[in-house]
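*Asks:* What follows is the file start.txt, containing compact mmCIF, C-alpha atoms:
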```txt
# COMPACT_ATOMS: atom_id res chain seq x y z
CA MET Y 29 49.58 -4.01 -43.90
CA LEU Y 30 49.39 -2.86 -47.48
CA GLU Y 31 52.66 -2.53 -49.30
CA VAL Y 32 53.09 -1.14 -52.78
CA SER Y 33 56.45 -1.30 -54.47
CA ASN Y 34 57.57 0.24 -57.71
CA LEU Y 35 54.07 0.34 -59.16
CA ALA Y 36 53.51 1.59 -62.71
CA CYS Y 37 50.21 1.99 -64.46
CA SER Y 38 49.10 3.29 -67.82
CA ARG Y 39 45.78 3.82 -69.56
CA GLY Y 40 46.03 3.32 -73.29
CA ASP Y 41 49.45 4.64 -74.33
CA HIS Y 42 49.53 7.22 -71.59
CA ARG Y 43 51.74 6.42 -68.60
CA LEU Y 44 49.91 7.64 -65.49
CA PHE Y 45 52.54 6.96 -62.87
CA SER Y 46 55.59 4.79 -62.39
CA GLY Y 47 57.96 3.85 -59.61
CA LEU Y 48 55.30 4.38 -56.97
CA SER Y 49 56.11 2.84 -53.59
CA PHE Y 50 54.47 3.22 -50.22
CA ALA Y 51 53.31 1.21 -47.24
CA LEU Y 52 50.21 1.61 -45.15
CA TYR Y 53 50.22 0.22 -41.61
CA PRO Y 54 47.27 -0.46 -39.30
CA GLY Y 55 45.84 2.76 -37.90
CA GLN Y 56 47.13 4.88 -40.78
CA ILE Y 57 45.26 7.00 -43.28
CA MET Y 58 46.51 8.20 -46.63
CA GLN Y 59 45.05 10.71 -49.03
CA ILE Y 60 45.88 10.47 -52.72
CA GLN Y 61 46.20 13.92 -54.23
CA GLY Y 62 46.53 15.06 -57.78
CA ALA Y 63 44.89 16.99 -60.56
CA ASN Y 64 42.05 15.57 -62.64
CA GLY Y 65 43.38 12.80 -64.84
CA SER Y 66 46.51 12.23 -62.78
CA GLY Y 67 45.55 8.63 -62.08
CA LYS Y 68 44.01 8.71 -58.61
CA THR Y 69 41.10 6.48 -59.51
CA SER Y 70 43.35 4.23 -61.60
CA LEU Y 71 45.65 3.81 -58.60
CA LEU Y 72 42.73 2.87 -56.34
CA ARG Y 73 41.34 0.47 -58.94
CA THR Y 74 44.78 -1.09 -59.31
CA LEU Y 75 44.86 -1.60 -55.55
CA CYS Y 76 41.49 -3.35 -55.84
CA GLY Y 77 42.82 -5.65 -58.54
CA PHE Y 78 40.55 -4.38 -61.32
CA ILE Y 79 43.56 -3.15 -63.29
CA THR Y 80 46.70 -5.24 -63.68
CA PRO Y 81 49.70 -2.99 -63.07
CA ASP Y 82 52.32 -2.66 -65.82
CA GLU Y 83 55.09 -3.15 -63.31
CA GLY Y 84 55.50 -3.51 -59.59
CA LYS Y 85 53.85 -5.43 -56.84
CA ILE Y 86 51.05 -4.90 -54.36
CA SER Y 87 51.25 -7.03 -51.26
CA TRP Y 88 48.94 -7.52 -48.33
CA CYS Y 89 50.63 -8.69 -45.11
CA GLY Y 90 53.62 -9.86 -47.12
CA ALA Y 91 51.80 -11.88 -49.77
CA ASP Y 92 51.12 -10.76 -53.33
CA VAL Y 93 47.46 -9.78 -53.75
CA CYS Y 94 47.30 -11.64 -57.07
CA ASP Y 95 47.97 -14.87 -55.19
CA LEU Y 96 45.67 -14.01 -52.30
CA ASP Y 97 42.79 -13.16 -54.61
CA GLU Y 98 39.58 -13.78 -52.67
CA ASP Y 99 41.32 -13.80 -49.27
CA TYR Y 100 42.43 -10.24 -50.02
CA PHE Y 101 38.91 -9.19 -51.09
CA ALA Y 102 37.64 -10.33 -47.69
CA GLN Y 103 40.05 -7.88 -46.06
CA MET Y 104 39.12 -4.82 -48.07
CA MET Y 105 36.18 -2.63 -48.91
CA TYR Y 106 36.01 -0.48 -52.00
CA LEU Y 107 33.67 2.42 -52.56
CA GLY Y 108 33.91 3.82 -56.05
CA HIS Y 109 32.48 6.75 -57.97
CA LEU Y 110 29.42 4.66 -58.66
CA ASN Y 111 27.16 4.02 -55.71
CA ALA Y 112 26.38 0.40 -56.58
CA ILE Y 113 22.79 0.81 -55.46
CA LYS Y 114 19.71 -0.20 -57.41
CA ASP Y 115 17.02 2.39 -58.05
CA GLU Y 116 14.25 -0.17 -57.80
CA LEU Y 117 15.27 -1.44 -54.37
CA SER Y 118 14.78 0.33 -51.07
CA ALA Y 119 17.72 1.64 -49.06
CA LEU Y 120 17.29 -1.26 -46.65
CA GLU Y 121 17.29 -3.91 -49.40
CA ASN Y 122 20.27 -2.29 -51.07
CA LEU Y 123 22.31 -2.30 -47.90
CA ARG Y 124 21.43 -5.88 -46.97
CA ILE Y 125 22.23 -7.13 -50.46
CA SER Y 126 25.55 -5.34 -50.72
CA ALA Y 127 26.49 -6.69 -47.29
CA GLY Y 128 25.48 -10.14 -48.55
CA LEU Y 129 27.70 -9.78 -51.62
CA SER Y 130 30.64 -9.03 -49.35
CA GLY Y 131 29.82 -12.20 -47.45
CA ILE Y 132 28.07 -10.82 -44.39
CA GLU Y 133 24.58 -11.75 -43.32
CA LEU Y 134 23.07 -8.53 -42.06
CA SER Y 135 19.97 -8.57 -39.90
CA GLU Y 136 17.23 -6.07 -40.65
CA LYS Y 137 17.74 -4.43 -37.25
CA ASP Y 138 21.44 -3.78 -37.85
CA ALA Y 139 20.75 -2.47 -41.34
CA VAL Y 140 18.11 -0.05 -40.09
CA ALA Y 141 20.47 1.12 -37.33
CA ALA Y 142 23.23 1.76 -39.87
CA LEU Y 143 20.91 3.72 -42.16
CA ARG Y 144 19.62 5.80 -39.26
CA ARG Y 145 23.16 6.66 -38.26
CA MET Y 146 23.72 7.84 -41.85
CA GLY Y 147 20.79 10.23 -41.38
CA LEU Y 148 18.27 8.30 -43.42
CA LYS Y 149 15.67 7.85 -40.71
CA GLY Y 150 12.22 7.39 -42.23
CA ARG Y 151 13.72 6.77 -45.69
CA GLU Y 152 14.76 3.14 -45.12
CA ARG Y 153 11.92 1.59 -47.05
CA LEU Y 154 11.62 4.08 -49.90
CA PRO Y 155 12.88 3.02 -53.31
CA THR Y 156 16.24 4.74 -53.79
CA LYS Y 157 15.13 6.32 -57.05
CA VAL Y 158 13.11 8.87 -55.05
CA LEU Y 159 16.13 9.83 -52.93
CA SER Y 160 18.43 12.73 -53.73
CA GLN Y 161 22.04 12.26 -54.95
CA GLY Y 162 23.39 12.99 -51.48
CA GLN Y 163 21.00 10.55 -49.85
CA ARG Y 164 21.96 7.83 -52.30
CA ARG Y 165 25.59 8.43 -51.48
CA ARG Y 166 24.66 8.04 -47.83
CA VAL Y 167 23.05 4.69 -48.59
CA ALA Y 168 26.27 3.61 -50.31
CA LEU Y 169 28.38 4.90 -47.43
CA ALA Y 170 26.24 2.99 -44.90
CA ARG Y 171 28.24 -0.05 -46.05
CA LEU Y 172 31.17 1.35 -44.07
CA LEU Y 173 29.15 0.75 -40.91
CA VAL Y 174 28.30 -2.88 -41.56
CA ASN Y 175 31.65 -4.13 -42.79
CA ASP Y 176 34.53 -5.38 -40.69
CA ALA Y 177 37.20 -5.25 -43.41
CA PRO Y 178 40.40 -3.59 -42.16
CA LEU Y 179 41.28 -1.83 -45.43
CA TRP Y 180 38.98 0.85 -46.79
CA ILE Y 181 39.60 2.12 -50.30
CA LEU Y 182 37.38 5.15 -50.85
CA ASP Y 183 37.20 7.00 -54.15
CA GLU Y 184 35.73 10.47 -53.63
CA PRO Y 185 33.60 9.41 -50.65
CA LEU Y 186 32.50 13.01 -50.03
CA ALA Y 187 31.01 13.68 -53.47
CA ALA Y 188 27.46 15.07 -53.19
CA LEU Y 189 27.50 15.07 -49.38
CA ASP Y 190 26.47 18.03 -47.19
CA VAL Y 191 28.53 19.46 -44.32
CA GLY Y 192 26.89 17.28 -41.67
CA ALA Y 193 27.53 14.10 -43.63
CA VAL Y 194 31.16 15.08 -44.29
CA ALA Y 195 31.67 15.46 -40.54
CA LEU Y 196 30.02 12.08 -40.00
CA ILE Y 197 32.37 10.41 -42.50
CA GLY Y 198 35.29 12.02 -40.66
CA GLU Y 199 33.97 10.46 -37.44
CA LEU Y 200 33.53 7.02 -39.05
CA ILE Y 201 37.07 7.10 -40.42
CA ALA Y 202 38.45 8.11 -37.02
CA GLU Y 203 36.61 5.19 -35.38
CA HIS Y 204 37.89 2.82 -38.04
CA LEU Y 205 41.50 3.99 -37.54
CA ALA Y 206 41.12 3.61 -33.78
CA ARG Y 207 40.20 -0.05 -34.43
CA GLN Y 208 43.56 -0.40 -36.22
CA GLY Y 209 41.93 -0.08 -39.62
CA MET Y 210 43.54 1.41 -42.69
CA VAL Y 211 42.08 3.99 -45.04
CA ILE Y 212 43.26 5.13 -48.43
CA PHE Y 213 41.12 7.70 -50.18
CA THR Y 214 40.87 10.54 -52.66
CA THR Y 215 38.95 13.75 -52.24
CA HIS Y 216 38.84 17.31 -53.47
CA GLN Y 217 37.12 18.52 -50.33
CA PRO Y 218 38.79 19.05 -46.96
CA LEU Y 219 38.17 16.12 -44.64
CA ILE Y 220 39.00 16.47 -40.96
CA VAL Y 221 39.77 13.28 -39.08
CA ALA Y 222 40.25 14.02 -35.41
CA GLY Y 223 43.58 13.14 -33.82
CA MET Y 224 45.11 11.44 -36.85
CA GLU Y 225 48.10 12.32 -38.87
CA MET Y 226 47.04 12.42 -42.51
CA ARG Y 227 49.67 11.14 -44.92
CA SER Y 228 49.36 12.28 -48.45
CA LEU Y 229 50.62 10.99 -51.75
CA SER Y 230 50.79 13.33 -54.72
CA LEU Y 231 50.43 12.03 -58.23
CA SER Y 232 51.63 14.31 -60.98
CA MET T 11 29.03 -10.59 -37.88
CA LYS T 12 27.67 -13.75 -39.39
CA LYS T 13 29.33 -15.04 -42.54
CA LEU T 14 27.26 -16.10 -45.48
CA SER T 15 27.55 -19.63 -46.86
CA LEU T 16 27.94 -20.21 -50.61
CA LEU T 17 24.42 -21.59 -50.91
CA SER T 18 22.86 -18.61 -49.16
CA LEU T 19 24.96 -16.32 -51.40
CA LEU T 20 23.49 -18.09 -54.42
CA ILE T 21 19.97 -17.72 -53.05
CA LEU T 22 20.61 -14.05 -52.26
CA VAL T 23 21.67 -13.30 -55.85
CA VAL T 24 18.78 -15.23 -57.38
CA ARG T 25 16.27 -13.50 -55.11
CA ARG T 26 17.77 -10.10 -55.80
CA ASP T 27 17.58 -10.55 -59.56
CA LEU T 28 14.03 -11.91 -59.39
CA VAL T 29 12.88 -8.97 -57.25
CA LEU T 30 14.52 -6.57 -59.72
CA ALA T 31 12.87 -8.34 -62.65
CA MET T 32 9.49 -8.12 -60.94
CA ARG T 33 9.94 -4.39 -60.41
CA ARG T 34 10.96 -3.88 -64.05
CA ARG T 35 8.31 -6.08 -65.56
CA ALA T 36 8.40 -4.42 -68.99
CA ASP T 37 11.81 -5.97 -69.74
CA VAL T 38 10.54 -9.46 -69.04
CA LEU T 39 7.33 -9.03 -70.99
CA THR T 40 9.06 -7.72 -74.12
CA THR T 41 11.05 -10.95 -74.40
CA LEU T 42 7.92 -13.06 -74.03
CA ILE T 43 5.89 -11.03 -76.46
CA PHE T 44 8.75 -11.16 -78.96
CA PHE T 45 8.74 -14.96 -78.72
CA VAL T 46 4.99 -15.19 -79.23
CA MET T 47 5.09 -12.71 -82.13
CA VAL T 48 7.91 -14.41 -84.03
CA VAL T 49 6.28 -17.81 -83.69
CA SER T 50 2.87 -16.45 -84.71
CA LEU T 51 4.26 -14.68 -87.78
CA PHE T 52 5.38 -17.93 -89.43
CA PRO T 53 1.95 -19.35 -90.24
CA LEU T 54 1.01 -15.96 -91.69
CA GLY T 55 4.09 -15.86 -93.87
CA VAL T 56 4.27 -19.49 -94.95
CA GLY T 57 0.60 -20.18 -95.49
CA PRO T 58 -1.92 -22.37 -93.75
CA GLU T 59 -0.97 -25.84 -95.07
CA ILE T 60 -1.28 -27.87 -91.89
CA ASP T 61 1.23 -30.59 -92.82
CA MET T 62 3.99 -28.13 -93.50
CA LEU T 63 3.28 -26.17 -90.32
CA ARG T 64 3.34 -29.32 -88.24
CA LYS T 65 6.72 -30.20 -89.72
CA MET T 66 8.17 -26.73 -89.20
CA ALA T 67 6.88 -26.22 -85.67
CA PRO T 68 9.83 -27.51 -83.61
CA GLY T 69 12.37 -25.59 -85.67
CA VAL T 70 10.36 -22.38 -85.57
CA LEU T 71 9.79 -22.57 -81.83
CA TRP T 72 13.43 -23.37 -81.15
CA VAL T 73 14.80 -20.59 -83.34
CA ALA T 74 12.34 -18.12 -81.81
CA ALA T 75 13.41 -19.20 -78.31
CA LEU T 76 17.04 -18.75 -79.35
CA LEU T 77 16.41 -15.22 -80.63
CA ALA T 78 14.28 -14.29 -77.62
CA SER T 79 17.03 -15.35 -75.25
CA MET T 80 19.57 -13.29 -77.24
CA LEU T 81 17.28 -10.30 -76.76
CA SER T 82 17.43 -10.44 -72.99
CA LEU T 83 21.12 -11.40 -72.70
CA GLY T 84 22.35 -7.85 -73.15
CA ARG T 85 20.71 -6.89 -69.87
CA LEU T 86 22.26 -9.74 -67.90
CA PHE T 87 25.26 -7.74 -66.70
CA SER T 88 24.83 -4.27 -68.21
CA ALA T 89 22.60 -2.79 -65.47
CA ASP T 90 24.99 -3.98 -62.78
CA TYR T 91 27.92 -2.69 -64.81
CA LEU T 92 26.45 0.78 -65.20
CA ASP T 93 25.54 1.34 -61.55
CA GLY T 94 28.75 -0.12 -60.11
CA THR T 95 27.25 -3.25 -58.55
CA LEU T 96 29.41 -5.40 -60.80
CA GLU T 97 32.57 -3.87 -59.29
CA GLN T 98 31.32 -4.93 -55.88
CA MET T 99 30.54 -8.40 -57.19
CA LEU T 100 34.07 -8.79 -58.53
CA LEU T 101 35.34 -7.96 -55.05
CA ALA T 102 33.10 -10.56 -53.42
CA PRO T 103 35.28 -12.52 -51.03
CA GLN T 104 33.49 -15.81 -51.57
CA SER T 105 33.20 -16.87 -55.14
CA LEU T 106 32.50 -14.84 -58.25
CA SER T 107 31.57 -18.06 -60.07
CA VAL T 108 28.75 -18.73 -57.60
CA LEU T 109 27.51 -15.16 -58.01
CA VAL T 110 27.55 -15.58 -61.78
CA LEU T 111 25.72 -18.91 -61.48
CA GLY T 112 23.04 -17.13 -59.45
CA LYS T 113 22.67 -14.49 -62.13
CA MET T 114 22.44 -17.16 -64.84
CA ALA T 115 19.79 -19.05 -62.86
CA SER T 116 17.62 -15.99 -62.36
CA HIS T 117 18.06 -14.99 -66.00
CA TRP T 118 16.79 -18.41 -67.01
CA MET T 119 13.83 -18.23 -64.62
CA VAL T 120 12.85 -14.87 -66.06
CA SER T 121 13.52 -15.38 -69.75
CA GLY T 122 13.81 -19.15 -70.35
CA LEU T 123 11.23 -20.79 -68.12
CA PRO T 124 8.30 -18.64 -69.34
CA LEU T 125 9.12 -19.70 -72.92
CA VAL T 126 8.89 -23.34 -71.90
CA LEU T 127 5.54 -22.71 -70.23
CA LEU T 128 4.18 -20.88 -73.29
CA THR T 129 5.21 -23.66 -75.66
CA PRO T 130 2.03 -25.82 -75.38
CA VAL T 131 -0.16 -22.90 -76.45
CA LEU T 132 2.06 -22.06 -79.40
CA GLY T 133 2.43 -25.73 -80.29
CA LEU T 134 -1.32 -26.02 -80.64
CA GLN T 135 -1.23 -23.18 -83.17
CA PHE T 136 0.91 -25.47 -85.33
CA ASP T 137 -1.30 -28.50 -84.69
CA MET T 138 1.49 -30.42 -83.00
CA SER T 139 0.58 -33.74 -81.40
CA VAL T 140 0.57 -34.00 -77.63
CA PRO T 141 3.66 -36.25 -77.37
CA ALA T 142 5.53 -33.91 -79.71
CA ILE T 143 4.61 -30.91 -77.53
CA GLY T 144 5.73 -32.84 -74.45
CA VAL T 145 9.12 -33.64 -75.97
CA LEU T 146 9.50 -30.08 -77.25
CA MET T 147 8.88 -28.73 -73.76
CA LEU T 148 11.37 -31.18 -72.33
CA THR T 149 14.06 -30.19 -74.83
CA LEU T 150 13.41 -26.49 -74.17
CA LEU T 151 13.59 -27.18 -70.45
CA LEU T 152 17.01 -28.78 -70.94
CA GLY T 153 18.17 -26.38 -73.65
CA THR T 154 17.19 -22.89 -72.51
CA PRO T 155 19.44 -23.01 -69.41
CA VAL T 156 22.33 -23.82 -71.76
CA LEU T 157 21.41 -20.76 -73.85
CA SER T 158 21.43 -18.58 -70.73
CA MET T 159 24.75 -19.97 -69.58
CA VAL T 160 26.60 -19.86 -72.90
CA GLY T 161 25.05 -16.47 -73.57
CA ALA T 162 26.38 -15.17 -70.26
CA ILE T 163 29.95 -15.69 -71.52
CA GLY T 164 29.17 -13.55 -74.56
CA ALA T 165 27.39 -10.96 -72.43
CA ALA T 166 30.42 -10.73 -70.15
CA LEU T 167 32.84 -10.36 -73.06
CA THR T 168 30.82 -7.65 -74.83
CA LEU T 169 30.16 -5.69 -71.65
CA GLY T 170 30.40 -1.94 -72.13
CA LEU T 171 31.01 -2.16 -75.88
CA ARG T 172 29.14 0.02 -78.31
CA GLY T 173 26.86 -2.12 -80.47
CA GLY T 174 27.55 -4.97 -78.07
CA GLY T 175 24.11 -6.48 -78.70
CA VAL T 176 24.80 -7.45 -82.30
CA LEU T 177 28.29 -8.67 -81.53
CA LEU T 178 26.84 -10.73 -78.70
CA SER T 179 24.47 -12.51 -81.09
CA LEU T 180 27.30 -13.16 -83.55
CA LEU T 181 29.41 -14.66 -80.78
CA VAL T 182 26.78 -16.74 -79.07
CA LEU T 183 24.48 -17.99 -81.84
CA PRO T 184 27.06 -20.32 -83.45
CA LEU T 185 27.77 -21.84 -80.04
CA CYS T 186 24.08 -22.64 -79.62
CA ILE T 187 23.87 -24.73 -82.81
CA PRO T 188 24.33 -28.10 -81.03
CA VAL T 189 21.47 -27.31 -78.65
CA LEU T 190 19.27 -26.38 -81.60
CA ILE T 191 20.14 -29.55 -83.55
CA PHE T 192 19.45 -31.94 -80.68
CA GLY T 193 16.39 -30.00 -79.54
CA THR T 194 14.63 -30.11 -82.88
CA GLY T 195 16.01 -33.58 -83.62
CA ALA T 196 14.28 -35.00 -80.55
CA VAL T 197 10.90 -33.66 -81.64
CA GLN T 198 11.37 -34.98 -85.18
CA ALA T 199 12.31 -38.36 -83.71
CA VAL T 200 9.17 -38.58 -81.61
CA THR T 201 6.91 -37.62 -84.51
CA SER T 202 8.46 -40.34 -86.70
CA GLY T 203 8.06 -42.85 -83.88
CA LEU T 204 11.73 -43.19 -82.91
CA ASN T 205 13.28 -43.26 -79.47
CA VAL T 206 14.15 -39.81 -78.14
CA SER T 207 16.31 -40.83 -75.21
CA ALA T 208 19.57 -40.40 -77.16
CA HIS T 209 18.76 -36.80 -78.03
CA LEU T 210 17.64 -36.02 -74.50
CA SER T 211 20.73 -37.61 -72.96
CA LEU T 212 22.96 -35.54 -75.20
CA MET T 213 21.09 -32.37 -74.23
CA GLY T 214 21.39 -33.33 -70.58
CA ALA T 215 25.11 -33.82 -71.10
CA LEU T 216 25.38 -30.37 -72.69
CA LEU T 217 23.51 -28.90 -69.73
CA VAL T 218 25.82 -30.53 -67.20
CA LEU T 219 28.87 -29.47 -69.18
CA ALA T 220 27.64 -25.88 -69.33
CA LEU T 221 26.78 -25.93 -65.62
CA VAL T 222 30.32 -26.94 -64.74
CA PHE T 223 32.33 -24.70 -67.04
CA THR T 224 30.37 -21.57 -67.98
CA PRO T 225 30.19 -19.88 -64.53
CA TRP T 226 33.95 -19.97 -64.20
CA VAL T 227 34.56 -18.85 -67.79
CA THR T 228 32.04 -16.02 -67.40
CA ALA T 229 33.71 -14.92 -64.17
CA GLN T 230 37.06 -14.70 -65.98
CA ALA T 231 35.45 -12.83 -68.89
CA LEU T 232 33.97 -10.30 -66.45
CA ARG T 233 37.38 -9.68 -64.92
CA ILE T 234 38.80 -9.04 -68.39
CA SER T 235 35.94 -6.68 -69.27
CA MET T 236 36.34 -4.62 -66.11
CA GLU T 237 39.97 -3.66 -66.83
```
Mind converting the file's structure to structure tokens?
*Replies:*
Amino acid sequence: MLEVSNLACSRGDHRLFSGLSFALYPGQIMQIQGANGSGKTSLLRTLCGFITPDEGKISWCGADVCDLDEDYFAQMMYLGHLNAIKDELSALENLRISAGLSGIELSEKDAVAALRRMGLKGRERLPTKVLSQGQRRRVALARLLVNDAPLWILDEPLAALDVGAVALIGELIAEHLARQGMVIFTTHQPLIVAGMEMRSLSLS
Amino acid sequence: MKKLSLLSLLILVVRRDLVLAMRRRADVLTTLIFFVMVVSLFPLGVGPEIDMLRKMAPGVLWVAALLASMLSLGRLFSADYLDGTLEQMLLAPQSLSVLVLGKMASHWMVSGLPLVLLTPVLGLQFDMSVPAIGVLMLTLLLGTPVLSMVGAIGAALTLGLRGGGVLLSLLVLPLCIPVLIFGTGAVQAVTSGLNVSAHLSLMGALLVLALVFTPWVTAQALRISME
């Protein structure tokens, strides 16, 4: 369970938000809404621990995430604006390495299966620099399939994706929620997750 | 899903960085060619008196190695920073210090080790004696990893800054002075027939010290830079 109480964050001298409190329980999904520059990404990065909040506390299962540190990182997966994939490596190498960085040894078979599910059949061994933006995003999103972290923090996961891929992400999120996972995300596109009540948090 | 041990994480990072370096060979070669060029320019500038060249050789090679390693330090974290991989590394559930150690090790293999291997050829240009070349290689072997490791702290602190390359050199070069002093001192000792073990032990001590502290310090510096 992720609990945020009285969180305040600023960039430079500009106060983005303050007094923000919410809780996310297993099986719940929350969308962060707000105009450009309202602090959606900053909020997600604060939840990841990249930014130290000005005030307030973020706790995971009752313990402060600052104290949990690496134990908290093992429970979460963050997908940012940047794809975190290397142009020189193939989709397969990228996926196996990023799984390795999050502490999971991924067999080649599982990695290929994940990439195929993301619609990258036949592209697994191409260097990612020859792939399109949308395909690269798919390589990055394939990490969702090979990770067993309960908390997903997704920043604009649908950027550059086509309609089919958006539906696929909806499916993946629904599966994750059914496994008692938690998702917190931002998007400017409509995302339909079957059979789930979507909570939303507006930043202004 | 199988969990990765710390050692296999280290191997994974080293292998990844080596594969990347092999696929971007130009970056590696520029450092090496820079080293060879700087060292080769000295005899042209100073003149061909063999005694003077022989005396200068260790200093010239060491300073050139120092500058060459500064040249490649900027790239240590910047590529990962720009494409978002560094964010994922900071969220690694195992140990950021081990990840950083892996990056330092591969940086050394790509930009430090080749300098050591090139040294005999360049030493001959300066008419160095064989024992002197041997000791010079040994000191570079002990010293260049320290340069990579201390440099990594600077690279982490200057990450994402404009003109970070120059600032990096200003930060790191003063910290490398002890390595330079003991490195060249050892070669001077062997040419004047003295025992070099004191110099080498001190360099070994510096290496061990750097090995213990710099990965952790660099990890903290990266966290500060990412804010």
*Asks:* Would you list the contacts of Pro124 in chain T as a PyMOL selection string, taking every protein, DNA or RNA residue within 12 Å and counting all atoms listed in the file, but skipping same-chain residues closer than 3 positions in sequence?
*Replies:* chain T and resi 38-43+45-46+75+78-79+116-121+127-131+147+150-151+154-155
*Asks:* Let's have the selection written as a JSON list (two decimals), in the coordinates of the input, with C-alpha atoms.
*Replies:*
```
[["chain", "number", "residue", "atom", "x", "y", "z"],
["T", 38, "VAL", "CA", 10.54, -9.46, -69.04],
["T", 39, "LEU", "CA", 7.33, -9.03, -70.99],
["T", 40, "THR", "CA", 9.06, -7.72, -74.12],
["T", 41, "THR", "CA", 11.05, -10.95, -74.40],
["T", 42, "LEU", "CA", 7.92, -13.06, -74.03],
["T", 43, "ILE", "CA", 5.89, -11.03, -76.46],
["T", 45, "PHE", "CA", 8.74, -14.96, -78.72],
["T", 46, "VAL", "CA", 4.99, -15.19, -79.23],
["T", 75, "ALA", "CA", 13.41, -19.20, -78.31],
["T", 78, "ALA", "CA", 14.28, -14.29, -77.62],
["T", 79, "SER", "CA", 17.03, -15.35, -75.25],
["T", 116, "SER", "CA", 17.62, -15.99, -62.36],
["T", 117, "HIS", "CA", 18.06, -14.99, -66.00],
["T", 118, "TRP", "CA", 16.79, -18.41, -67.01],
["T", 119, "MET", "CA", 13.83, -18.23, -64.62],
["T", 120, "VAL", "CA", 12.85, -14.87, -66.06],
["T", 121, "SER", "CA", 13.52, -15.38, -69.75],
["T", 127, "LEU", "CA", 5.54, -22.71, -70.23],
["T", 128, "LEU", "CA", 4.18, -20.88, -73.29],
["T", 129, "THR", "CA", 5.21, -23.66, -75.66],
["T", 130, "PRO", "CA", 2.03, -25.82, -75.38],
["T", 131, "VAL", "CA", -0.16, -22.90, -76.45],
["T", 147, "MET", "CA", 8.88, -28.73, -73.76],
["T", 150, "LEU", "CA", 13.41, -26.49, -74.17],
["T", 151, "LEU", "CA", 13.59, -27.18, -70.45],
["T", 154, "THR", "CA", 17.19, -22.89, -72.51],
["T", 155, "PRO", "CA", 19.44, -23.01, -69.41]]
```
*Asks:* Nearest residue to chain T out of Y:Thr156, Y:Asn111, Y:Ser49, Y:Ser66, using only C-alpha atoms?
*Replies:*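 Nearest candidate to chain T out of Y:Thr156, Y:Asn111, Y:Ser49, Y:Ser66: Y:Asn111.
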*Asks:* Using only C-alpha atoms, which of T:Leu171, T:Ala199, T:Met99, T:Leu83 sits nearest chain Y?
*Replies:*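 Selected residue with least distance to chain Y: T:Met99.
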*Asks:* Nearest residue to Gly67 in chain Y out of Y:Leu229, Y:Ala222, Y:Ala195, Y:Ala188, using only C-alpha atoms?
*Replies:*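 Result for the nearest residue to Gly67 in chain Y: Y:Leu229.
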*Asks:* Output the contact residues of chain Y with respect to chain T at a cut-off of 6 Å, based on only C-alpha atoms, as a ChimeraX atom specification.
*Replies:* /Y:78-79,98,101-102,110,112,129-133
*Asks:* To one decimal in Å, tell me the separation between CA of Ala139 in chain Y and CA of Ala119 in chain Y.
*Replies:* 9.3 Å
*Asks:* Give me, please, the distance in Å between CA of Gly133 in chain T and CA of Leu181 in chain T, quoted to one decimal.
*Replies:*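 Computing the Euclidean distance for CA of Gly133 in chain T and CA of Leu181 in chain T yields 29.2 Å.
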*Asks:* Please indicate the distance in Å from CA of Asp137 in chain T to CA of Ile60 in chain T, rounded to one decimal place.
*Replies:*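 Separating CA of Asp137 in chain T from CA of Ile60 in chain T is a distance of 7.2 Å.
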*Asks:* Using only C-alpha atoms, which of Y:Gln163, Y:Asn175, Y:Ser87, Y:Ser38 sits nearest Lys68 in chain Y?
*Replies:*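 Closest candidate: Y:Ser38.
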*Asks:* I want to know what sits within 8 Å of Leu157 in chain T, based on all atoms listed in the file, with residues of the same chain fewer than 4 positions away left out; could you give that as a PDB file with C-alpha atoms, in the coordinates of the input?
*Replies:*
```pdb
ATOM      1  CA  LEU T  76      17.040 -18.750 -79.350  1.00  0.00           C
ATOM      2  CA  SER T  79      17.030 -15.350 -75.250  1.00  0.00           C
ATOM      3  CA  GLY T 153      18.170 -26.380 -73.650  1.00  0.00           C
ATOM      4  CA  GLY T 161      25.050 -16.470 -73.570  1.00  0.00           C
ATOM      5  CA  CYS T 186      24.080 -22.640 -79.620  1.00  0.00           C
TER       6      CYS T 186
END
```
*Asks:* Might you pull out every residue within 9 Å of Thr168 in chain T, with only C-alpha atoms counted and same-chain residues fewer than 5 positions away left off, and present them as a PyMOL selection string?
*Replies:* chain T and resi 84+163+173-175+177-178+235
*Asks:* Find the residues around Gly62 in chain Y up to 12 Å (all atoms listed in the file counted), leave out those fewer than 2 positions away in its own chain, and share them as a list in words.
*Replies:*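 Using all atoms listed in the file, the neighbours found are Leu44, Phe45, Gln59, Ile60, Asn64, Gly65, Ser66, Gly67, Lys68, Thr69, Ser70, Leu71, Phe213, Thr214, Thr215, His216, Ser228, Leu229, Ser230, Leu231 and Ser232 of chain Y.
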*Asks:* Take every atom of range 143-153 of chain Y listed in the file, fit an axis-aligned box around them, add 4 Å per side, and give the centre and edge lengths in Å to one decimal as JSON.
*Replies:*
```
{"center_x": 17.8, "center_y": 5.9, "center_z": -42.7, "size_x": 19.8, "size_y": 16.6, "size_z": 16.8}
```
